[in-house]
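Enquirer: Next comes target.cif, mmCIF, C-alpha atoms:
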```cif
data_model
#
loop_
_atom_site.label_atom_id
_atom_site.label_comp_id
_atom_site.auth_asym_id
_atom_site.auth_seq_id
_atom_site.Cartn_x
_atom_site.Cartn_y
_atom_site.Cartn_z
CA MET A 1 0.00 0.00 0.00
CA THR A 2 1.26 3.44 -0.84
CA HIS A 3 1.06 5.87 2.05
CA ILE A 4 0.80 9.51 1.15
CA HIS A 5 1.76 12.00 3.85
CA ASP A 6 2.36 15.70 4.07
CA HIS A 7 5.81 15.16 5.41
CA HIS A 8 7.02 13.28 2.35
CA HIS A 9 8.69 16.54 1.62
CA PRO A 10 10.97 17.11 -1.33
CA ARG A 11 14.72 17.02 -0.95
CA PRO A 12 16.58 20.31 -0.36
CA GLY A 13 17.00 22.10 -3.65
CA SER A 14 14.05 20.21 -5.09
CA ALA A 15 11.94 21.41 -7.97
CA VAL A 16 9.30 22.69 -5.54
CA GLU A 17 11.81 24.69 -3.52
CA LEU A 18 13.21 26.15 -6.71
CA ARG A 19 9.72 27.11 -7.83
CA ALA A 20 9.06 28.77 -4.46
CA ARG A 21 12.27 30.79 -4.76
CA ALA A 22 11.33 31.74 -8.32
CA LEU A 23 7.95 33.04 -7.22
CA GLU A 24 9.52 35.05 -4.41
CA THR A 25 12.03 36.46 -6.91
CA LEU A 26 9.31 37.51 -9.31
CA LEU A 27 7.32 39.27 -6.59
CA ALA A 28 10.39 40.98 -5.15
CA GLU A 29 11.60 42.19 -8.57
CA ARG A 30 8.21 43.74 -9.27
CA GLY A 31 8.19 45.40 -5.84
CA LEU A 32 4.95 43.58 -4.98
CA VAL A 33 5.95 41.67 -1.88
CA SER A 34 8.52 42.97 0.53
CA THR A 35 11.27 40.66 1.72
CA ASP A 36 10.89 42.23 5.16
CA ALA A 37 7.20 41.36 5.24
CA ILE A 38 7.94 37.72 4.36
CA ASP A 39 10.61 37.64 7.07
CA ALA A 40 8.20 39.22 9.58
CA VAL A 41 5.40 36.75 8.87
CA VAL A 42 7.83 33.83 9.13
CA GLU A 43 9.20 35.24 12.39
CA LEU A 44 5.71 35.77 13.79
CA TYR A 45 4.58 32.19 13.21
CA GLU A 46 7.90 30.64 14.07
CA HIS A 47 8.44 32.40 17.40
CA ASP A 48 5.50 34.46 18.70
CA VAL A 49 2.46 32.43 17.73
CA GLY A 50 2.45 28.86 18.96
CA PRO A 51 1.11 26.35 21.50
CA GLN A 52 2.84 28.24 24.31
CA ASN A 53 -0.03 30.75 23.93
CA GLY A 54 -2.74 28.13 24.24
CA ALA A 55 -0.93 26.60 27.21
CA LYS A 56 -1.18 29.94 29.04
CA VAL A 57 -4.92 30.06 28.32
CA VAL A 58 -5.40 26.53 29.67
CA ALA A 59 -3.29 27.16 32.78
CA ARG A 60 -5.24 30.34 33.54
CA ALA A 61 -8.52 28.41 33.21
CA TRP A 62 -7.18 25.79 35.62
CA VAL A 63 -6.38 28.31 38.36
CA ASP A 64 -9.18 30.83 37.83
CA GLU A 65 -12.71 29.44 37.80
CA ARG A 66 -14.24 32.71 36.60
CA TYR A 67 -11.77 32.88 33.70
CA ARG A 68 -12.68 29.29 32.84
CA GLU A 69 -16.35 30.26 32.67
CA ARG A 70 -15.57 33.22 30.40
CA LEU A 71 -13.36 31.00 28.23
CA LEU A 72 -16.10 28.44 27.75
CA SER A 73 -18.84 31.00 27.08
CA ALA A 74 -17.00 33.73 25.11
CA ALA A 75 -13.65 32.33 24.03
CA ASN A 76 -12.56 35.16 21.70
CA GLU A 77 -12.77 37.71 24.49
CA ALA A 78 -11.22 35.46 27.14
CA ILE A 79 -8.29 34.59 24.86
CA ALA A 80 -7.84 38.27 23.99
CA GLU A 81 -7.53 39.01 27.72
CA LEU A 82 -4.17 37.21 27.57
CA GLY A 83 -3.18 39.15 24.47
CA PHE A 84 -3.82 36.51 21.83
CA GLY A 85 -5.93 36.74 18.69
CA GLY A 86 -5.68 37.14 14.95
CA ALA A 87 -5.89 35.24 11.69
CA GLU A 88 -7.58 31.84 12.01
CA GLY A 89 -8.84 32.72 15.48
CA ASP A 90 -11.82 34.79 14.45
CA ASN A 91 -14.45 32.56 16.04
CA MET A 92 -12.87 30.60 18.86
CA VAL A 93 -14.80 27.93 20.73
CA VAL A 94 -13.22 26.13 23.68
CA VAL A 95 -14.50 22.66 24.54
CA ALA A 96 -13.75 21.19 27.97
CA ASN A 97 -12.85 17.60 28.68
CA THR A 98 -14.51 15.96 31.67
CA PRO A 99 -14.12 12.50 33.24
CA ALA A 100 -17.04 11.40 31.01
CA MET A 101 -16.22 13.32 27.80
CA HIS A 102 -13.13 13.69 25.63
CA ASN A 103 -12.93 16.22 22.80
CA MET A 104 -10.70 16.13 19.74
CA VAL A 105 -10.40 18.49 16.79
CA VAL A 106 -9.90 17.81 13.08
CA CYS A 107 -10.38 19.50 9.72
CA THR A 108 -11.36 16.85 7.20
CA LEU A 109 -11.67 19.27 4.26
CA CYS A 110 -8.54 21.33 4.73
CA SER A 111 -6.22 22.14 7.63
CA CYS A 112 -8.20 24.67 9.69
CA TYR A 113 -6.56 25.21 13.04
CA PRO A 114 -6.57 27.93 15.73
CA TRP A 115 -3.32 29.69 14.83
CA PRO A 116 -3.35 32.42 17.52
CA VAL A 117 -3.30 29.86 20.33
CA LEU A 118 -1.60 26.85 18.69
CA GLY A 119 0.52 28.28 15.85
CA LEU A 120 0.79 26.38 12.59
CA PRO A 121 -0.52 22.81 12.68
CA PRO A 122 1.76 19.78 12.94
CA SER A 123 2.21 17.74 9.76
CA TRP A 124 0.01 14.91 11.03
CA TYR A 125 -2.94 17.28 11.46
CA LYS A 126 -2.70 18.30 7.79
CA SER A 127 -2.10 14.75 6.57
CA PRO A 128 -4.60 12.54 4.75
CA PRO A 129 -4.57 9.83 7.47
CA ASP A 130 -5.78 12.18 10.22
CA ARG A 131 -8.22 14.02 7.99
CA ALA A 132 -9.67 10.68 6.89
CA ARG A 133 -9.72 8.78 10.16
CA ALA A 134 -10.35 11.25 12.99
CA VAL A 135 -14.07 11.29 12.22
CA SER A 136 -14.52 7.64 11.24
CA GLU A 137 -12.31 5.91 13.81
CA PRO A 138 -11.27 8.44 16.47
CA GLY A 139 -10.61 5.74 19.05
CA ALA A 140 -8.03 4.08 16.80
CA VAL A 141 -6.37 7.44 16.08
CA LEU A 142 -6.17 8.23 19.80
CA ARG A 143 -4.65 4.81 20.47
CA GLU A 144 -1.93 5.62 17.92
CA PHE A 145 -1.13 8.64 20.06
CA GLY A 146 -0.97 6.35 23.09
CA LEU A 147 -4.27 7.50 24.50
CA GLU A 148 -6.50 4.69 25.73
CA LEU A 149 -9.83 6.07 26.94
CA GLY A 150 -12.21 4.02 29.04
CA GLU A 151 -15.42 2.72 27.49
CA ASP A 152 -17.35 5.12 29.70
CA VAL A 153 -15.70 8.15 28.10
CA ALA A 154 -17.73 9.67 25.26
CA ILE A 155 -15.60 11.01 22.40
CA ARG A 156 -16.71 14.18 20.64
CA VAL A 157 -14.90 14.94 17.37
CA TRP A 158 -15.13 18.55 16.17
CA ASP A 159 -14.71 18.81 12.39
CA SER A 160 -13.80 22.46 11.69
CA SER A 161 -16.00 22.81 8.60
CA ALA A 162 -16.82 26.52 8.99
CA GLU A 163 -14.93 29.51 10.41
CA VAL A 164 -15.11 28.30 14.02
CA ARG A 165 -11.75 27.24 15.41
CA TYR A 166 -11.62 24.86 18.36
CA LEU A 167 -9.34 24.56 21.36
CA VAL A 168 -9.64 21.65 23.78
CA LEU A 169 -9.47 22.51 27.47
CA PRO A 170 -7.93 19.38 28.99
CA MET A 171 -8.50 18.24 32.56
CA ARG A 172 -5.96 19.38 35.12
CA PRO A 173 -4.00 16.40 36.46
CA ARG A 174 -4.82 15.70 40.10
CA GLU A 175 -1.13 15.64 41.10
CA THR A 176 -0.72 19.35 40.33
CA ASP A 177 -2.24 20.83 43.50
CA GLY A 178 -0.38 23.97 44.46
CA TRP A 179 1.47 24.36 41.16
CA SER A 180 1.92 27.85 39.80
CA GLU A 181 0.31 28.97 36.58
CA ASN A 182 3.70 28.85 34.81
CA GLU A 183 4.40 25.34 36.06
CA LEU A 184 0.97 24.23 34.88
CA ALA A 185 1.41 25.82 31.44
CA ALA A 186 4.63 23.81 31.03
CA ILE A 187 2.72 20.48 30.99
CA VAL A 188 0.06 21.61 28.49
CA THR A 189 1.28 20.27 25.17
CA ARG A 190 -0.08 21.10 21.73
CA ASP A 191 -1.61 17.63 21.41
CA CYS A 192 -3.51 18.14 24.70
CA MET A 193 -5.20 21.15 23.12
CA ILE A 194 -6.05 19.30 19.86
CA GLY A 195 -7.34 16.40 21.93
CA THR A 196 -4.84 13.75 20.86
CA GLY A 197 -3.07 13.92 24.22
CA VAL A 198 -3.73 14.59 27.87
CA PRO A 199 -1.50 16.54 30.27
CA VAL A 200 0.80 14.48 32.44
CA ALA A 201 2.26 15.82 35.69
CA ARG A 202 5.93 15.22 34.94
CA GLU A 203 8.46 14.56 37.68
CA THR A 204 10.69 17.39 36.47
CA ALA A 205 7.87 19.89 36.64
CA ILE A 206 7.00 19.20 40.28
CA PRO A 207 7.89 22.29 42.32
CA MET B 1 -16.57 20.17 -4.72
CA ASP B 2 -16.43 16.44 -4.21
CA GLY B 3 -12.68 16.15 -4.65
CA VAL B 4 -9.92 14.22 -2.92
CA HIS B 5 -9.51 17.04 -0.39
CA ASP B 6 -12.79 15.89 1.18
CA MET B 7 -11.12 13.07 3.09
CA GLY B 8 -13.40 12.29 6.03
CA GLY B 9 -13.86 8.53 6.26
CA MET B 10 -11.53 7.53 3.40
CA HIS B 11 -9.51 4.34 3.82
CA GLY B 12 -5.99 3.44 2.80
CA PHE B 13 -3.86 6.38 3.93
CA GLY B 14 -2.11 4.45 6.69
CA PRO B 15 -1.10 5.60 10.18
CA VAL B 16 -1.45 9.15 11.51
CA VAL B 17 1.62 8.97 13.73
CA GLU B 18 4.84 8.74 11.71
CA PRO B 19 8.39 9.98 12.30
CA GLY B 20 8.56 13.76 11.87
CA CYS B 21 4.79 14.17 11.93
CA GLU B 22 4.89 16.48 14.93
CA LEU B 23 6.70 19.21 12.97
CA ALA B 24 4.74 22.12 11.46
CA TYR B 25 7.24 22.36 8.60
CA HIS B 26 10.40 20.60 7.54
CA GLU B 27 12.30 23.11 5.41
CA ARG B 28 12.75 26.87 5.49
CA TRP B 29 11.26 27.45 2.04
CA GLU B 30 7.97 26.04 3.31
CA LEU B 31 7.59 28.86 5.82
CA ARG B 32 8.40 31.41 3.11
CA VAL B 33 5.70 29.89 0.91
CA PHE B 34 3.30 30.15 3.83
CA ALA B 35 4.15 33.85 4.16
CA ILE B 36 3.93 34.50 0.40
CA GLN B 37 0.52 32.85 0.18
CA MET B 38 -0.70 35.01 3.11
CA LEU B 39 0.72 38.16 1.50
CA VAL B 40 -0.83 37.41 -1.90
CA GLY B 41 -4.18 37.44 -0.09
CA LEU B 42 -3.55 40.39 2.22
CA GLU B 43 -2.11 42.57 -0.55
CA GLY B 44 -4.83 41.74 -3.07
CA LEU B 45 -2.36 40.36 -5.60
CA GLY B 46 -4.42 37.31 -6.50
CA ALA B 47 -7.79 36.60 -8.04
CA GLY B 48 -10.21 33.71 -8.08
CA PRO B 49 -12.09 31.97 -5.30
CA GLY B 50 -9.40 32.12 -2.61
CA GLY B 51 -6.42 29.89 -1.92
CA ARG B 52 -8.38 27.07 -0.38
CA ALA B 53 -10.87 26.66 -3.23
CA VAL B 54 -8.02 26.90 -5.75
CA ARG B 55 -6.15 24.09 -3.97
CA GLU B 56 -9.30 21.97 -4.19
CA GLU B 57 -9.19 22.42 -7.98
CA MET B 58 -5.77 20.74 -8.16
CA GLU B 59 -5.71 17.59 -10.24
CA PRO B 60 -6.47 14.83 -7.69
CA ALA B 61 -3.23 12.84 -8.09
CA HIS B 62 -1.22 16.07 -7.82
CA TYR B 63 -3.13 17.13 -4.68
CA LEU B 64 -2.37 13.81 -2.97
CA ALA B 65 1.27 13.69 -4.03
CA ALA B 66 1.98 17.31 -3.10
CA SER B 67 3.09 18.33 0.37
CA HIS B 68 0.98 20.83 2.31
CA TYR B 69 3.22 23.75 1.41
CA GLU B 70 3.49 22.65 -2.21
CA ARG B 71 -0.29 23.00 -2.38
CA TRP B 72 -0.01 26.48 -0.91
CA LEU B 73 2.63 27.37 -3.50
CA TYR B 74 0.30 26.10 -6.21
CA SER B 75 -2.61 28.23 -4.98
CA ALA B 76 -0.46 31.36 -4.59
CA GLU B 77 0.88 31.00 -8.13
CA GLN B 78 -2.53 30.23 -9.61
CA ARG B 79 -4.13 33.21 -7.93
CA LEU B 80 -1.34 35.51 -9.15
CA LEU B 81 -1.82 34.18 -12.68
CA ARG B 82 -5.59 34.64 -12.58
CA LYS B 83 -5.21 38.26 -11.53
CA GLY B 84 -2.57 38.87 -14.20
CA THR B 85 0.00 39.87 -11.57
CA ILE B 86 2.30 37.33 -13.20
CA ARG B 87 2.03 35.84 -16.68
CA PRO B 88 2.25 32.22 -17.82
CA GLY B 89 5.86 31.14 -18.27
CA GLU B 90 7.37 33.84 -16.05
CA VAL B 91 7.99 31.54 -13.09
CA GLU B 92 9.66 29.02 -15.42
CA GLY B 93 11.84 31.83 -16.79
CA VAL B 94 13.03 32.79 -13.32
CA ILE B 95 13.66 29.13 -12.46
CA GLU B 96 16.16 29.01 -15.34
CA ARG B 97 17.94 32.12 -13.98
CA LEU B 98 18.10 30.67 -10.45
CA LYS B 99 19.48 27.40 -11.84
CA VAL B 100 22.53 29.22 -13.19
CA GLY B 101 23.24 30.74 -9.81
CA GLU B 102 21.28 33.97 -9.61
CA ALA B 103 20.25 34.87 -6.05
CA VAL B 104 16.73 35.70 -4.88
CA PRO B 105 16.62 39.51 -4.77
CA MET B 106 15.46 41.58 -1.80
CA HIS B 107 12.73 44.19 -1.91
CA HIS B 108 12.14 46.58 0.97
CA ASP B 109 9.10 48.71 1.65
CA ALA B 110 7.12 49.96 4.61
CA ALA B 111 4.30 47.43 4.43
CA THR B 112 5.45 45.17 7.25
CA GLU B 113 3.71 46.86 10.20
CA ARG B 114 0.43 47.12 8.32
CA ILE B 115 0.63 43.44 7.36
CA LEU B 116 1.36 42.34 10.93
CA ALA B 117 -1.60 44.42 12.13
CA ASP B 118 -3.79 42.67 9.53
CA LEU B 119 -2.69 39.28 10.85
CA ARG B 120 -3.61 40.32 14.40
CA ALA B 121 -7.10 41.50 13.43
CA VAL B 122 -10.13 39.36 14.32
CA TYR B 123 -13.27 39.08 12.20
CA PRO B 124 -16.01 37.24 14.11
CA MET B 125 -19.16 35.84 12.45
CA ASP B 126 -21.27 38.56 14.03
CA ALA B 127 -23.54 39.57 11.16
CA PRO B 128 -27.26 39.48 12.00
CA THR B 129 -28.37 35.86 11.84
CA GLY B 130 -31.64 36.70 10.07
CA ASP B 131 -34.23 33.95 10.11
CA VAL B 132 -33.02 31.16 12.40
CA ARG B 133 -34.94 28.06 11.36
CA PHE B 134 -33.55 25.64 13.93
CA GLY B 135 -32.93 25.71 17.67
CA ARG B 136 -31.02 23.58 20.12
CA GLY B 137 -32.36 20.02 20.14
CA ASP B 138 -34.02 20.21 16.71
CA ARG B 139 -33.44 17.25 14.44
CA VAL B 140 -32.10 18.12 11.00
CA ARG B 141 -30.90 16.23 7.96
CA VAL B 142 -28.02 17.24 5.72
CA LYS B 143 -29.25 17.65 2.16
CA ARG B 144 -28.25 15.20 -0.53
CA MET B 145 -26.23 17.23 -3.00
CA HIS B 146 -23.28 17.05 -5.34
CA PRO B 147 -21.84 20.56 -5.63
CA ALA B 148 -19.31 21.08 -8.41
CA GLY B 149 -17.77 24.11 -6.69
CA HIS B 150 -16.37 24.91 -3.27
CA THR B 151 -18.44 23.72 -0.31
CA ARG B 152 -18.00 23.27 3.42
CA CYS B 153 -20.45 20.42 3.62
CA PRO B 154 -18.34 17.26 3.80
CA ARG B 155 -19.49 14.31 1.72
CA TYR B 156 -19.64 11.97 4.69
CA ALA B 157 -22.42 14.01 6.33
CA ARG B 158 -24.75 14.22 3.32
CA GLY B 159 -28.07 12.57 3.95
CA ALA B 160 -27.31 12.02 7.63
CA ALA B 161 -29.59 13.15 10.44
CA GLY B 162 -28.22 15.08 13.38
CA VAL B 163 -29.23 17.33 16.24
CA ILE B 164 -28.71 21.09 16.47
CA GLU B 165 -26.47 22.00 19.41
CA GLY B 166 -26.60 25.75 18.87
CA VAL B 167 -26.15 28.68 16.52
CA ARG B 168 -22.55 29.73 15.90
CA GLY B 169 -23.36 33.02 14.23
CA ALA B 170 -24.11 34.14 10.70
CA ASP B 171 -21.85 33.88 7.70
CA ARG B 172 -22.10 34.10 3.92
CA LEU B 173 -22.53 30.71 2.29
CA PRO B 174 -19.02 29.86 1.04
CA ASP B 175 -20.43 27.85 -1.88
CA ARG B 176 -21.37 31.18 -3.45
CA ALA B 177 -19.37 33.74 -1.47
CA VAL B 178 -15.92 32.50 -2.55
CA TYR B 179 -16.87 33.22 -6.16
CA GLY B 180 -17.53 36.84 -5.33
CA GLY B 181 -21.29 36.96 -5.41
CA ASN B 182 -23.39 39.29 -3.28
CA VAL B 183 -24.43 36.80 -0.62
CA THR B 184 -26.51 37.52 2.49
CA PRO B 185 -25.22 35.97 5.74
CA GLU B 186 -27.24 33.02 7.02
CA PRO B 187 -27.14 31.08 10.30
CA VAL B 188 -24.33 28.60 10.90
CA TYR B 189 -25.27 25.80 13.29
CA SER B 190 -23.30 23.36 15.36
CA VAL B 191 -24.80 19.97 14.46
CA ALA B 192 -24.06 16.72 16.31
CA PHE B 193 -24.13 13.35 14.52
CA ARG B 194 -24.02 9.91 16.12
CA SER B 195 -21.26 7.74 14.74
CA GLN B 196 -23.72 4.95 13.83
CA GLU B 197 -25.64 7.41 11.64
CA LEU B 198 -22.49 8.33 9.72
CA TRP B 199 -20.54 5.10 9.62
CA GLY B 200 -22.76 2.25 10.76
CA PRO B 201 -21.75 -0.12 13.54
CA SER B 202 -18.23 -0.13 15.02
CA GLU B 203 -16.40 -2.22 17.59
CA ASP B 204 -15.52 1.00 19.42
CA THR B 205 -17.93 2.72 21.79
CA PRO B 206 -20.12 5.03 19.67
CA TRP B 207 -18.85 8.60 19.39
CA THR B 208 -20.20 11.94 18.24
CA VAL B 209 -19.03 14.01 15.28
CA LEU B 210 -19.87 17.70 15.31
CA LEU B 211 -19.91 19.90 12.22
CA ASP B 212 -20.54 23.60 11.73
CA LEU B 213 -23.06 23.76 8.91
CA TRP B 214 -24.70 26.62 7.06
CA ASP B 215 -28.50 26.81 7.00
CA SER B 216 -28.54 26.08 3.24
CA TYR B 217 -27.06 22.61 3.84
CA LEU B 218 -29.88 21.52 6.17
CA GLU B 219 -33.51 20.49 6.09
CA PRO B 220 -35.84 19.51 8.93
CA ALA B 221 -35.70 15.80 9.83
#
```
Would you mind giving the structure from this file in structure tokens?
Expert:
Amino acid sequence: MTHIHDHHHPRPGSAVELRARALETLLAERGLVSTDAIDAVVELYEHDVGPQNGAKVVARAWVDERYRERLLSAANEAIAELGFGGAEGDNMVVVANTPAMHNMVVCTLCSCYPWPVLGLPPSWYKSPPDRARAVSEPGAVLREFGLELGEDVAIRVWDSSAEVRYLVLPMRPRETDGWSENELAAIVTRDCMIGTGVPVARETAIP
Amino acid sequence: MDGVHDMGGMHGFGPVVEPGCELAYHERWELRVFAIQMLVGLEGLGAGPGGRAVREEMEPAHYLAASHYERWLYSAEQRLLRKGTIRPGEVEGVIERLKVGEAVPMHHDAATERILADLRAVYPMDAPTGDVRFGRGDRVRVKRMHPAGHTRCPRYARGAAGVIEGVRGADRLPDRAVYGGNVTPEPVYSVAFRSQELWGPSEDTPWTVLLDLWDSYLEPA
């Protein structure tokens, strides 16, 4: 069977890379796209916008019950309180995991993803296998990620078909009593906020 | 458009978790393509139904073989061609120059701050919802249809019955809006579907799939 994945990327100096450089050249020569703007957009999504933002949102919701309520009822505003927002975060909805319910997010048609809180999506999220299987066999996908949910846990799969972008609010691990917000944010991984992982109270993070 | 991009439920693609799959990109040029595609949109340099709909028009075998950022490169180039910002053959001409060692030139202007501000702006679906046909708990069915153009109604949901969970807001129907028509916003609903309704029986505990669907996709069930 032939497996087709997003990360079967071309070799350095490939035809696609050359074509990308040619397009950039054409736009720069015409004065249509500034090199500085390309650099700034790359810099923004490489360093400033990423899952560290979402982790701060989750940690705040874990320590501040009223923030959690605002986050679940009006996510755009609650996320903006922490200074995050922008392209692909126009209509944020946060869905909370409970002992009886686990949420996971997919985009079967494309690669829609909440950039302001999670950055650019990982390759697997954009790949045909996830886009195909997350809706039709979510349990099997979660098991690939090492997540074995009990039979009493209902899975809800959010397929981002419109302009709503979803963030999963995972459950706070019980072992984290007394942890600071920063210490909590450190255990909130990107996958926890897509729903293909759950936070684990790591030894090294214990204060 | 019922193309290969509409992947929900397809078999044969293999595992999700593979070495390197956690990375958002693998090579520097991919991030530059990401930025160029964003700038083509923000600066109004392209034409046509938007990058996403253009990617859906890729020849199916090409779409599947291409990496994510290769698809974005394709849509940026196509949109530039459709607007006439670049002409057929020009990219190929530059490729020949780069092959003999020419460097990618730099261009500087003052657009950067404006562009970064654009990327930080938020545009919620807050248009008036107009006539809201369905409320929480209402049973609906996704229409049987076979749209040739862009749509946000995945194939796997067509004909299936679900339950309205709520109204997300109002938005212009993408099936028409991406082609530039004058389209009035309509309600977008969160609709929950039982896994048995979509996929039949499974050995796993039944699950729920939730879609955000425009009013036009739905009928009462």
Enquirer: Carefully work through the PyMOL selection byres ((chain B and resi 74-91) around 9) for this structure and note down the residues it includes, as a PyMOL selection string.
Expert: (chain A and resi 19+22-23+25-27) or (chain B and resi 33+36-38+40-41+45-55+58+69-73+92-96)
Enquirer: On this file, the PyMOL selection byres ((chain B) within 6 of (chain A)) gives some set of residues; write that set as a ChimeraX atom specification.
Expert: /B:5-10,13-14,16,21-24,31,35,67-68,91,94-95,104-109,112,119-124,152,207-212
Enquirer: For the file shown, what are the residues hit by the PyMOL selection byres ((chain A and resi 62) around 12), laid out as number ranges by chain?
Expert: A: 55-61, 63-69, 71, 96, 169-174, 176-185, 188
Enquirer: Please indicate the distance in Å from CA of Gly54 (chain A) to CA of His26 (chain B), rounded to one decimal place.
Expert: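 Between CA of Gly54 (chain A) and CA of His26 (chain B) the gap is 22.5 Å.
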Enquirer: Tell me, as JSON, numbers by chain, which residues lie within 8 Å of Asp126 (chain B), counting all atoms listed in the file; anything in the same chain fewer than 2 positions away does not count.
Expert: {"B": [124, 128, 129, 169, 170, 171]}
Enquirer: Using CA of Glu148 (chain A) and CA of Arg194 (chain B) as the two end points, give the distance in Å to one decimal.
Expert: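 Straight-line distance from CA of Glu148 (chain A) to CA of Arg194 (chain B) works out to 20.7 Å.
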